[in-house]
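Contents: one structure, followed by commentary.
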Amino acid sequence: MMEQPVEELLAAVEARAKQCVACPLAQTRTNVVFGEGNPRSPLVIVGEGPGEQEDATGRPFVGRAGALLDKALREAGMLRRHVYICNIVKCRACVVENGRARNRPPTQDEIQACYPWLDQQLSLIKPLVIVCLGAPAASTLIHKNFKIMQERGLWFSNRYAPAVIAALHPAYILRQAGEAYERAYRSLVDDLTAARERARELRRLQEQMQPLQPEGDDQLRLF
Ligand code: URA
Ligand code: SF4
């Protein structure tokens, strides 16, 4: 029997996630932001959770932080279609202040409630490299009490990928100014570049053992 393609398996999980009411964020969301990109990519980027633009469109990293991520990806030699992008929490977390919704980090309970979706996603994609953007993603996927300033740029592994790295979150970088901004942005580009190089190395090893299938993705010749 032919194995079902990863795209179809992922679409089935996404269809179920769209109905999810497992945590209170279901009540205030406009869209579930499941994730998008190339599920055959060796490189998956995991952010914190949707913001306003993401909630409105249903797509990850399409606001200001997303534009900065795109720029950093390009500097690291990649485009969005080369990678898969998702978040640890699929619905927007926000607080209403003076009648305006402001993003907040997801709570531990929300992260736990949402974890089964991320778990299924990463288990189907089987990336070689995961890039965690920001502390919440790193504490969830690398180790609890992750110190983003000390531990970003270091290599770890987890049950989903042999190589896992954390980088500064683009939204954090946008809050810096002057030299601090430059330094933070540079570190993101460096970490994405390291991730791309690691993905390429691991892919070479994988291909030596198991040549890329004829229907193999031309886009992924990058890695
Ligand atoms: N920030 C995130 O962490 N994820 C998004 O999808 C957008 C902004
Ligand atoms: Fe479900 Fe996750 Fe949305 Fe909560 S954040 S409702 S767990 S999809």
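Chains: A, B, ... in order of the structure tokens. Residues: from 1 per chain. Ligands: from 1, in order shown.
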
Return as a Markdown table the residues of chain A lying at most 6 Å from ligand 2, together with the closest atom-to-atom pair for each and the distance in Å to one decimal, counting only C-alpha atoms and all ligand atoms, with rows in chain order and ascending residue number.
| residue | atom | partner | partner_atom_place_in_ligand_line | distance |
| --- | --- | --- | --- | --- |
| A:Ala17 | CA | ligand 2 | 8 (S) | 5.6 |
| A:Cys20 | CA | ligand 2 | 1 (Fe) | 4.3 |
| A:Val21 | CA | ligand 2 | 6 (S) | 4.3 |
| A:Ala22 | CA | ligand 2 | 7 (S) | 4.5 |
| A:Cys23 | CA | ligand 2 | 4 (Fe) | 4.0 |
| A:Leu25 | CA | ligand 2 | 4 (Fe) | 5.1 |
| A:Ala26 | CA | ligand 2 | 6 (S) | 4.0 |
| A:Val89 | CA | ligand 2 | 5 (S) | 5.0 |
| A:Lys90 | CA | ligand 2 | 5 (S) | 4.6 |
| A:Cys91 | CA | ligand 2 | 5 (S) | 4.2 |
| A:Glu110 | CA | ligand 2 | 4 (Fe) | 5.9 |
| A:Ala113 | CA | ligand 2 | 7 (S) | 4.5 |
| A:Cys114 | CA | ligand 2 | 7 (S) | 3.6 |

Give me the residues within 6 Å of segment 133-138 of chain A as a CSV table (one decimal) with all heavy atoms, in the first residue's frame, counting only C-alpha atoms and dropping any in the same chain fewer than 5 places off.
chain,number,residue,atom,x,y,z
A,46,VAL,N,9.7,27.4,14.6
A,46,VAL,CA,8.5,27.4,15.5
A,46,VAL,C,8.5,28.7,16.3
A,46,VAL,O,9.5,29.0,17.1
A,46,VAL,CB,8.6,26.2,16.5
A,46,VAL,CG1,7.3,26.2,17.3
A,46,VAL,CG2,8.7,24.9,15.7
A,47,GLY,N,7.5,29.5,16.2
A,47,GLY,CA,7.4,30.8,16.9
A,47,GLY,C,6.5,30.6,18.2
A,47,GLY,O,6.2,29.5,18.6
A,48,GLU,N,6.0,31.7,18.7
A,48,GLU,CA,5.3,31.7,20.0
A,48,GLU,C,3.8,31.5,19.8
A,48,GLU,O,3.2,30.6,20.3
A,48,GLU,CB,5.6,33.1,20.6
A,48,GLU,CG,5.0,33.3,22.0
A,48,GLU,CD,5.5,34.6,22.6
A,48,GLU,OE1,6.7,34.8,22.6
A,48,GLU,OE2,4.7,35.4,23.0
A,148,ILE,N,17.2,32.3,27.1
A,148,ILE,CA,17.3,32.7,25.6
A,148,ILE,C,18.6,33.4,25.4
A,148,ILE,O,19.3,33.2,24.4
A,148,ILE,CB,16.1,33.4,25.1
A,148,ILE,CG1,16.1,33.5,23.6
A,148,ILE,CG2,15.8,34.7,25.8
A,148,ILE,CD1,15.7,32.3,22.8
A,166,ALA,N,17.8,27.7,19.2
A,166,ALA,CA,16.9,28.8,19.5
A,166,ALA,C,17.5,30.1,19.0
A,166,ALA,O,18.7,30.2,19.1
A,166,ALA,CB,16.6,28.8,21.0
A,167,ALA,N,16.7,31.0,18.6
A,167,ALA,CA,17.1,32.3,18.1
A,167,ALA,C,16.2,33.4,18.8
A,167,ALA,O,15.1,33.0,19.3
A,167,ALA,CB,17.0,32.4,16.6
A,168,LEU,N,16.7,34.6,18.8
A,168,LEU,CA,15.8,35.7,19.3
A,168,LEU,C,14.6,35.9,18.5
A,168,LEU,O,14.6,35.7,17.2
A,168,LEU,CB,16.6,37.0,19.3
A,168,LEU,CG,17.9,37.0,20.2
A,168,LEU,CD1,18.5,38.4,20.2
A,168,LEU,CD2,17.5,36.6,21.7
A,169,HIS,N,13.5,36.1,19.1
A,169,HIS,CA,12.2,36.3,18.4
A,169,HIS,C,12.2,37.7,17.7
A,169,HIS,O,12.6,38.7,18.2
A,169,HIS,CB,11.0,36.3,19.4
A,169,HIS,CG,9.7,36.1,18.8
A,169,HIS,ND1,9.1,37.1,18.0
A,169,HIS,CD2,8.9,35.0,18.7
A,169,HIS,CE1,8.0,36.6,17.5
A,169,HIS,NE2,7.8,35.4,17.9

Item checked: Distance query Leu202 of chain A at most 12 Å, only C-alpha atoms, self and fewer than 2 positions along chain excluded, as a ChimeraX atom specification -> /A:42-43,127-129,161-163,195-200,204-209,223

Kindly export the residues of the current selection with N, CA, C and O atoms, as a PDB file, in the first residue's frame.
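That gives us part_10.pdb:
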ATOM      1  N   PRO A  42      13.683  20.172   5.409  1.00  0.00           N
ATOM      2  CA  PRO A  42      14.394  19.667   6.586  1.00  0.00           C
ATOM      3  C   PRO A  42      14.389  20.675   7.731  1.00  0.00           C
ATOM      4  O   PRO A  42      14.847  20.372   8.821  1.00  0.00           O
ATOM      5  N   LEU A  43      13.874  21.893   7.469  1.00  0.00           N
ATOM      6  CA  LEU A  43      13.972  22.955   8.464  1.00  0.00           C
ATOM      7  C   LEU A  43      12.598  23.517   8.841  1.00  0.00           C
ATOM      8  O   LEU A  43      11.848  23.975   7.980  1.00  0.00           O
ATOM      9  N   PRO A 127      11.410  16.972  10.806  1.00  0.00           N
ATOM     10  CA  PRO A 127      12.485  17.849  10.321  1.00  0.00           C
ATOM     11  C   PRO A 127      13.856  17.362  10.792  1.00  0.00           C
ATOM     12  O   PRO A 127      13.939  16.565  11.737  1.00  0.00           O
ATOM     13  N   LEU A 128      14.905  17.848  10.131  1.00  0.00           N
ATOM     14  CA  LEU A 128      16.263  17.578  10.604  1.00  0.00           C
ATOM     15  C   LEU A 128      16.684  18.676  11.571  1.00  0.00           C
ATOM     16  O   LEU A 128      17.458  18.439  12.490  1.00  0.00           O
ATOM     17  N   VAL A 129      16.169  19.891  11.332  1.00  0.00           N
ATOM     18  CA  VAL A 129      16.529  21.037  12.169  1.00  0.00           C
ATOM     19  C   VAL A 129      15.260  21.798  12.564  1.00  0.00           C
ATOM     20  O   VAL A 129      14.399  22.062  11.723  1.00  0.00           O
ATOM     21  N   ALA A 161      13.657  16.167  16.304  1.00  0.00           N
ATOM     22  CA  ALA A 161      14.728  16.497  15.363  1.00  0.00           C
ATOM     23  C   ALA A 161      16.097  16.288  16.009  1.00  0.00           C
ATOM     24  O   ALA A 161      16.262  16.534  17.203  1.00  0.00           O
ATOM     25  N   PRO A 162      17.086  15.871  15.205  1.00  0.00           N
ATOM     26  CA  PRO A 162      18.426  15.680  15.746  1.00  0.00           C
ATOM     27  C   PRO A 162      19.142  16.998  16.061  1.00  0.00           C
ATOM     28  O   PRO A 162      20.111  16.993  16.806  1.00  0.00           O
ATOM     29  N   ALA A 163      18.670  18.093  15.477  1.00  0.00           N
ATOM     30  CA  ALA A 163      19.325  19.384  15.707  1.00  0.00           C
ATOM     31  C   ALA A 163      18.269  20.452  15.983  1.00  0.00           C
ATOM     32  O   ALA A 163      17.379  20.674  15.159  1.00  0.00           O
ATOM     33  N   ALA A 195      21.483  27.219  11.047  1.00  0.00           N
ATOM     34  CA  ALA A 195      20.421  26.215  10.894  1.00  0.00           C
ATOM     35  C   ALA A 195      20.385  25.686   9.460  1.00  0.00           C
ATOM     36  O   ALA A 195      20.244  24.483   9.223  1.00  0.00           O
ATOM     37  N   ARG A 196      20.528  26.583   8.505  1.00  0.00           N
ATOM     38  CA  ARG A 196      20.531  26.165   7.109  1.00  0.00           C
ATOM     39  C   ARG A 196      21.728  25.249   6.829  1.00  0.00           C
ATOM     40  O   ARG A 196      21.611  24.231   6.153  1.00  0.00           O
ATOM     41  N   GLU A 197      22.890  25.615   7.353  1.00  0.00           N
ATOM     42  CA  GLU A 197      24.095  24.809   7.133  1.00  0.00           C
ATOM     43  C   GLU A 197      23.972  23.431   7.784  1.00  0.00           C
ATOM     44  O   GLU A 197      24.337  22.423   7.188  1.00  0.00           O
ATOM     45  N   ARG A 198      23.435  23.403   8.981  1.00  0.00           N
ATOM     46  CA  ARG A 198      23.233  22.132   9.690  1.00  0.00           C
ATOM     47  C   ARG A 198      22.241  21.252   8.928  1.00  0.00           C
ATOM     48  O   ARG A 198      22.445  20.039   8.822  1.00  0.00           O
ATOM     49  N   ALA A 199      21.188  21.869   8.403  1.00  0.00           N
ATOM     50  CA  ALA A 199      20.190  21.119   7.643  1.00  0.00           C
ATOM     51  C   ALA A 199      20.831  20.507   6.399  1.00  0.00           C
ATOM     52  O   ALA A 199      20.560  19.363   6.032  1.00  0.00           O
ATOM     53  N   ARG A 200      21.708  21.275   5.771  1.00  0.00           N
ATOM     54  CA  ARG A 200      22.377  20.786   4.570  1.00  0.00           C
ATOM     55  C   ARG A 200      23.285  19.589   4.906  1.00  0.00           C
ATOM     56  O   ARG A 200      23.253  18.562   4.229  1.00  0.00           O
ATOM     57  N   ARG A 204      22.707  15.713   3.619  1.00  0.00           N
ATOM     58  CA  ARG A 204      23.735  14.954   2.890  1.00  0.00           C
ATOM     59  C   ARG A 204      23.883  13.560   3.481  1.00  0.00           C
ATOM     60  O   ARG A 204      23.898  12.568   2.769  1.00  0.00           O
ATOM     61  N   LEU A 205      23.984  13.507   4.803  1.00  0.00           N
ATOM     62  CA  LEU A 205      24.133  12.221   5.489  1.00  0.00           C
ATOM     63  C   LEU A 205      22.925  11.332   5.223  1.00  0.00           C
ATOM     64  O   LEU A 205      23.063  10.144   4.926  1.00  0.00           O
ATOM     65  N   GLN A 206      21.746  11.945   5.299  1.00  0.00           N
ATOM     66  CA  GLN A 206      20.512  11.200   5.094  1.00  0.00           C
ATOM     67  C   GLN A 206      20.452  10.652   3.658  1.00  0.00           C
ATOM     68  O   GLN A 206      20.060   9.515   3.441  1.00  0.00           O
ATOM     69  N   GLU A 207      20.872  11.478   2.704  1.00  0.00           N
ATOM     70  CA  GLU A 207      20.809  11.066   1.301  1.00  0.00           C
ATOM     71  C   GLU A 207      21.789   9.952   0.983  1.00  0.00           C
ATOM     72  O   GLU A 207      21.526   9.118   0.123  1.00  0.00           O
ATOM     73  N   GLN A 208      22.923   9.937   1.685  1.00  0.00           N
ATOM     74  CA  GLN A 208      23.890   8.859   1.488  1.00  0.00           C
ATOM     75  C   GLN A 208      23.256   7.525   1.852  1.00  0.00           C
ATOM     76  O   GLN A 208      23.536   6.508   1.257  1.00  0.00           O
ATOM     77  N   MET A 209      22.392   7.566   2.871  1.00  0.00           N
ATOM     78  CA  MET A 209      21.784   6.326   3.338  1.00  0.00           C
ATOM     79  C   MET A 209      20.496   6.020   2.583  1.00  0.00           C
ATOM     80  O   MET A 209      20.106   4.881   2.454  1.00  0.00           O
ATOM     81  N   PHE A 223      19.143  22.805   0.192  1.00  0.00           N
ATOM     82  CA  PHE A 223      19.761  22.246   1.404  1.00  0.00           C
ATOM     83  C   PHE A 223      20.729  21.128   1.062  1.00  0.00           C
ATOM     84  O   PHE A 223      20.526  20.408   0.121  1.00  0.00           O
TER      85      PHE A 223
END

Notebook entry, point to check: What is the distance between atom CA of Lys144 of chain A and atom CA of Tyr160 of chain A, in Å to one decimal?
Noted result: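 That distance, rounded to one decimal, is 16.4 Å.
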
Notebook entry, point to check: To one decimal place, how far is atom CA of Gly66 of chain A from atom 7 (C, counted along the ligand's line) of ligand 1 in Å?
Noted result: 6.0 Å

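Going from atom CA of Ala101 of chain A over to atom CA of Asp55 of chain A, you cover 11.8 Å.
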
Margin query: As a quick test: using only C-alpha atoms and all ligand atoms, which residues lie no more than 6 Å away from ligand 1? Give them as JSON, numbers by chain.
Written below: {"A": [47, 48, 49, 50, 51, 54, 60, 61, 65, 87]}

Just N, CA, C and O atoms for this one: save the residues we selected as a PDB file, in the first residue's frame.
ATOM      1  N   GLY A  47       7.492  29.536  16.177  1.00  0.00           N
ATOM      2  CA  GLY A  47       7.357  30.788  16.923  1.00  0.00           C
ATOM      3  C   GLY A  47       6.490  30.605  18.155  1.00  0.00           C
ATOM      4  O   GLY A  47       6.211  29.479  18.600  1.00  0.00           O
ATOM      5  N   GLU A  48       6.034  31.730  18.685  1.00  0.00           N
ATOM      6  CA  GLU A  48       5.303  31.727  19.953  1.00  0.00           C
ATOM      7  C   GLU A  48       3.802  31.536  19.751  1.00  0.00           C
ATOM      8  O   GLU A  48       3.184  30.641  20.330  1.00  0.00           O
ATOM      9  N   GLY A  49       3.226  32.382  18.917  1.00  0.00           N
ATOM     10  CA  GLY A  49       1.796  32.288  18.684  1.00  0.00           C
ATOM     11  C   GLY A  49       1.362  33.430  17.797  1.00  0.00           C
ATOM     12  O   GLY A  49       2.099  34.403  17.616  1.00  0.00           O
ATOM     13  N   PRO A  50       0.170  33.329  17.210  1.00  0.00           N
ATOM     14  CA  PRO A  50      -0.302  34.358  16.288  1.00  0.00           C
ATOM     15  C   PRO A  50      -0.483  35.719  16.958  1.00  0.00           C
ATOM     16  O   PRO A  50      -0.843  35.784  18.129  1.00  0.00           O
ATOM     17  N   GLY A  51      -0.216  36.770  16.216  1.00  0.00           N
ATOM     18  CA  GLY A  51      -0.542  38.127  16.634  1.00  0.00           C
ATOM     19  C   GLY A  51      -1.790  38.588  15.896  1.00  0.00           C
ATOM     20  O   GLY A  51      -2.544  37.761  15.358  1.00  0.00           O
ATOM     21  N   GLU A  54      -1.875  37.738  12.084  1.00  0.00           N
ATOM     22  CA  GLU A  54      -1.942  36.283  11.913  1.00  0.00           C
ATOM     23  C   GLU A  54      -3.347  35.780  12.238  1.00  0.00           C
ATOM     24  O   GLU A  54      -3.907  34.948  11.532  1.00  0.00           O
ATOM     25  N   PRO A  60       0.824  32.251   9.602  1.00  0.00           N
ATOM     26  CA  PRO A  60       1.853  32.599  10.583  1.00  0.00           C
ATOM     27  C   PRO A  60       2.802  33.682  10.076  1.00  0.00           C
ATOM     28  O   PRO A  60       3.081  33.757   8.872  1.00  0.00           O
ATOM     29  N   PHE A  61       3.263  34.521  10.970  1.00  0.00           N
ATOM     30  CA  PHE A  61       4.308  35.507  10.669  1.00  0.00           C
ATOM     31  C   PHE A  61       4.025  36.343   9.412  1.00  0.00           C
ATOM     32  O   PHE A  61       4.805  36.372   8.472  1.00  0.00           O
ATOM     33  N   ALA A  65       6.629  41.376  12.692  1.00  0.00           N
ATOM     34  CA  ALA A  65       7.635  40.366  13.065  1.00  0.00           C
ATOM     35  C   ALA A  65       7.895  39.433  11.881  1.00  0.00           C
ATOM     36  O   ALA A  65       9.039  39.026  11.639  1.00  0.00           O
ATOM     37  N   ASN A  87       3.735  27.718  15.046  1.00  0.00           N
ATOM     38  CA  ASN A  87       3.855  28.288  16.387  1.00  0.00           C
ATOM     39  C   ASN A  87       3.530  27.233  17.434  1.00  0.00           C
ATOM     40  O   ASN A  87       2.833  26.260  17.143  1.00  0.00           O
TER      41      ASN A  87
END

Check: So which bits of segment 117-195 of chain A end up strand (DSSP E or B) when you DSSP the backbone, as a ChimeraX atom specification?
Finding: /A:129-133,156,163-167

Just the residues within 8 Å of segment 72-75 of chain A, please, counting only C-alpha atoms, with nothing from its chain fewer than 6 positions along; format it as a PDB file with all heavy atoms, in the first residue's frame.
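part_4.pdb was written with the following content:
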ATOM      1  N   TYR A 185      19.421  41.575  15.660  1.00  0.00           N
ATOM      2  CA  TYR A 185      19.071  41.150  14.302  1.00  0.00           C
ATOM      3  C   TYR A 185      20.171  40.272  13.707  1.00  0.00           C
ATOM      4  O   TYR A 185      19.898  39.242  13.084  1.00  0.00           O
ATOM      5  CB  TYR A 185      18.802  42.366  13.412  1.00  0.00           C
ATOM      6  CG  TYR A 185      18.529  41.967  11.981  1.00  0.00           C
ATOM      7  CD1 TYR A 185      17.345  41.314  11.638  1.00  0.00           C
ATOM      8  CD2 TYR A 185      19.480  42.199  10.983  1.00  0.00           C
ATOM      9  CE1 TYR A 185      17.109  40.908  10.335  1.00  0.00           C
ATOM     10  CE2 TYR A 185      19.253  41.795   9.679  1.00  0.00           C
ATOM     11  CZ  TYR A 185      18.069  41.150   9.354  1.00  0.00           C
ATOM     12  OH  TYR A 185      17.841  40.736   8.073  1.00  0.00           O
ATOM     13  N   LEU A 188      20.018  36.780  14.897  1.00  0.00           N
ATOM     14  CA  LEU A 188      18.963  35.999  14.235  1.00  0.00           C
ATOM     15  C   LEU A 188      19.453  35.487  12.879  1.00  0.00           C
ATOM     16  O   LEU A 188      19.278  34.313  12.541  1.00  0.00           O
ATOM     17  CB  LEU A 188      17.689  36.846  14.068  1.00  0.00           C
ATOM     18  CG  LEU A 188      16.552  36.184  13.279  1.00  0.00           C
ATOM     19  CD1 LEU A 188      16.075  34.895  13.937  1.00  0.00           C
ATOM     20  CD2 LEU A 188      15.371  37.151  13.099  1.00  0.00           C
ATOM     21  N   VAL A 189      20.097  36.377  12.113  1.00  0.00           N
ATOM     22  CA  VAL A 189      20.617  35.966  10.801  1.00  0.00           C
ATOM     23  C   VAL A 189      21.676  34.869  10.980  1.00  0.00           C
ATOM     24  O   VAL A 189      21.674  33.866  10.252  1.00  0.00           O
ATOM     25  CB  VAL A 189      21.197  37.173  10.027  1.00  0.00           C
ATOM     26  CG1 VAL A 189      21.887  36.713   8.740  1.00  0.00           C
ATOM     27  CG2 VAL A 189      20.102  38.187   9.706  1.00  0.00           C
ATOM     28  N   LEU A 192      19.939  31.557  11.886  1.00  0.00           N
ATOM     29  CA  LEU A 192      19.254  30.983  10.723  1.00  0.00           C
ATOM     30  C   LEU A 192      20.262  30.424   9.719  1.00  0.00           C
ATOM     31  O   LEU A 192      20.026  29.389   9.093  1.00  0.00           O
ATOM     32  CB  LEU A 192      18.351  32.027  10.052  1.00  0.00           C
ATOM     33  CG  LEU A 192      17.101  32.437  10.834  1.00  0.00           C
ATOM     34  CD1 LEU A 192      16.409  33.621  10.162  1.00  0.00           C
ATOM     35  CD2 LEU A 192      16.122  31.260  10.969  1.00  0.00           C
TER      36      LEU A 192
END

Note to self: So that I can see what lies close to Asn38 of chain A, please list as a ChimeraX atom specification the residues with an atom at most 12 Å from it, counting only C-alpha atoms and leaving out residues fewer than 3 positions away in the same chain.
What the structure shows: /A:6-7,10,35,41-45,79-86,125-127,217-220

Checklist line | Counting only C-alpha atoms, the residue of A:Ala11, A:Leu141, A:Val62, A:Ala171 that sits nearest Asn103 of chain A | finding: A:Ala171

Next item on the list: Return the single residue from A:Lys147, A:Gly63, A:Lys71, A:Gly77 that is closest to Thr193 of chain A, with distances computed using only C-alpha atoms.
Entry: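 Result for the nearest residue to Thr193 of chain A: A:Gly77.
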
Residue list (alpha helix (DSSP H), DSSP) for segment 8-174 of chain A, as a PDB file with C-alpha atoms, in the first residue's frame:
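Final output, saved to out-v7.pdb:
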ATOM      1  CA  GLU A   8      -2.525  15.079   3.042  1.00  0.00           C
ATOM      2  CA  LEU A   9      -1.808  13.810   6.531  1.00  0.00           C
ATOM      3  CA  LEU A  10      -1.003  17.332   7.682  1.00  0.00           C
ATOM      4  CA  ALA A  11      -4.131  18.755   6.021  1.00  0.00           C
ATOM      5  CA  ALA A  12      -6.219  16.230   7.957  1.00  0.00           C
ATOM      6  CA  VAL A  13      -4.622  17.334  11.255  1.00  0.00           C
ATOM      7  CA  GLU A  14      -5.141  20.993  10.291  1.00  0.00           C
ATOM      8  CA  ALA A  15      -8.825  20.382   9.552  1.00  0.00           C
ATOM      9  CA  ARG A  16      -9.243  19.002  13.080  1.00  0.00           C
ATOM     10  CA  ALA A  17      -7.188  21.812  14.655  1.00  0.00           C
ATOM     11  CA  GLU A  52      -3.226  40.434  15.252  1.00  0.00           C
ATOM     12  CA  GLN A  53      -2.393  40.023  11.549  1.00  0.00           C
ATOM     13  CA  GLU A  54      -1.942  36.283  11.913  1.00  0.00           C
ATOM     14  CA  ASP A  55      -5.279  35.953  13.719  1.00  0.00           C
ATOM     15  CA  ALA A  56      -6.956  38.010  10.989  1.00  0.00           C
ATOM     16  CA  THR A  57      -5.450  36.060   8.066  1.00  0.00           C
ATOM     17  CA  ARG A  64       5.747  43.200  11.380  1.00  0.00           C
ATOM     18  CA  ALA A  65       7.635  40.366  13.065  1.00  0.00           C
ATOM     19  CA  GLY A  66       6.961  38.259   9.981  1.00  0.00           C
ATOM     20  CA  ALA A  67       8.441  40.874   7.667  1.00  0.00           C
ATOM     21  CA  LEU A  68      11.596  40.922   9.791  1.00  0.00           C
ATOM     22  CA  LEU A  69      11.725  37.123   9.770  1.00  0.00           C
ATOM     23  CA  ASP A  70      11.431  37.129   5.955  1.00  0.00           C
ATOM     24  CA  LYS A  71      14.288  39.612   5.721  1.00  0.00           C
ATOM     25  CA  ALA A  72      16.497  37.545   8.051  1.00  0.00           C
ATOM     26  CA  LEU A  73      15.629  34.349   6.158  1.00  0.00           C
ATOM     27  CA  ARG A  74      16.642  36.001   2.884  1.00  0.00           C
ATOM     28  CA  GLU A  75      19.960  37.118   4.385  1.00  0.00           C
ATOM     29  CA  GLN A 108       1.739  27.289  30.411  1.00  0.00           C
ATOM     30  CA  ASP A 109      -1.813  25.881  30.408  1.00  0.00           C
ATOM     31  CA  GLU A 110      -2.460  27.196  26.898  1.00  0.00           C
ATOM     32  CA  ILE A 111       0.863  25.828  25.654  1.00  0.00           C
ATOM     33  CA  GLN A 112       0.038  22.420  27.151  1.00  0.00           C
ATOM     34  CA  ALA A 113      -3.486  22.394  25.753  1.00  0.00           C
ATOM     35  CA  CYS A 114      -2.138  23.163  22.279  1.00  0.00           C
ATOM     36  CA  TYR A 115       0.842  20.821  22.419  1.00  0.00           C
ATOM     37  CA  PRO A 116      -0.923  17.840  20.768  1.00  0.00           C
ATOM     38  CA  TRP A 117      -1.222  19.859  17.531  1.00  0.00           C
ATOM     39  CA  LEU A 118       2.461  20.754  17.482  1.00  0.00           C
ATOM     40  CA  ASP A 119       3.318  17.173  18.405  1.00  0.00           C
ATOM     41  CA  GLN A 120       1.364  15.767  15.457  1.00  0.00           C
ATOM     42  CA  GLN A 121       2.753  18.414  13.119  1.00  0.00           C
ATOM     43  CA  LEU A 122       6.401  17.784  13.994  1.00  0.00           C
ATOM     44  CA  SER A 123       5.911  14.013  14.071  1.00  0.00           C
ATOM     45  CA  LEU A 124       4.592  14.099  10.488  1.00  0.00           C
ATOM     46  CA  ILE A 125       7.166  16.564   9.126  1.00  0.00           C
ATOM     47  CA  ALA A 135      11.905  31.740  24.967  1.00  0.00           C
ATOM     48  CA  PRO A 136       8.427  30.151  25.037  1.00  0.00           C
ATOM     49  CA  ALA A 137       9.187  27.976  21.994  1.00  0.00           C
ATOM     50  CA  ALA A 138      12.644  27.106  23.354  1.00  0.00           C
ATOM     51  CA  SER A 139      11.320  26.185  26.818  1.00  0.00           C
ATOM     52  CA  THR A 140       8.685  24.001  25.208  1.00  0.00           C
ATOM     53  CA  LEU A 141      10.893  22.243  22.668  1.00  0.00           C
ATOM     54  CA  ILE A 148      17.340  32.652  25.643  1.00  0.00           C
ATOM     55  CA  MET A 149      20.175  35.191  26.021  1.00  0.00           C
ATOM     56  CA  GLN A 150      22.707  32.577  27.173  1.00  0.00           C
ATOM     57  CA  GLU A 151      21.539  29.567  25.221  1.00  0.00           C
ATOM     58  CA  PRO A 170      11.741  38.958  15.680  1.00  0.00           C
ATOM     59  CA  ALA A 171       9.119  40.756  17.831  1.00  0.00           C
ATOM     60  CA  TYR A 172      11.747  41.109  20.580  1.00  0.00           C
ATOM     61  CA  ILE A 173      14.271  42.414  18.053  1.00  0.00           C
ATOM     62  CA  LEU A 174      11.741  45.028  16.881  1.00  0.00           C
TER      63      LEU A 174
END
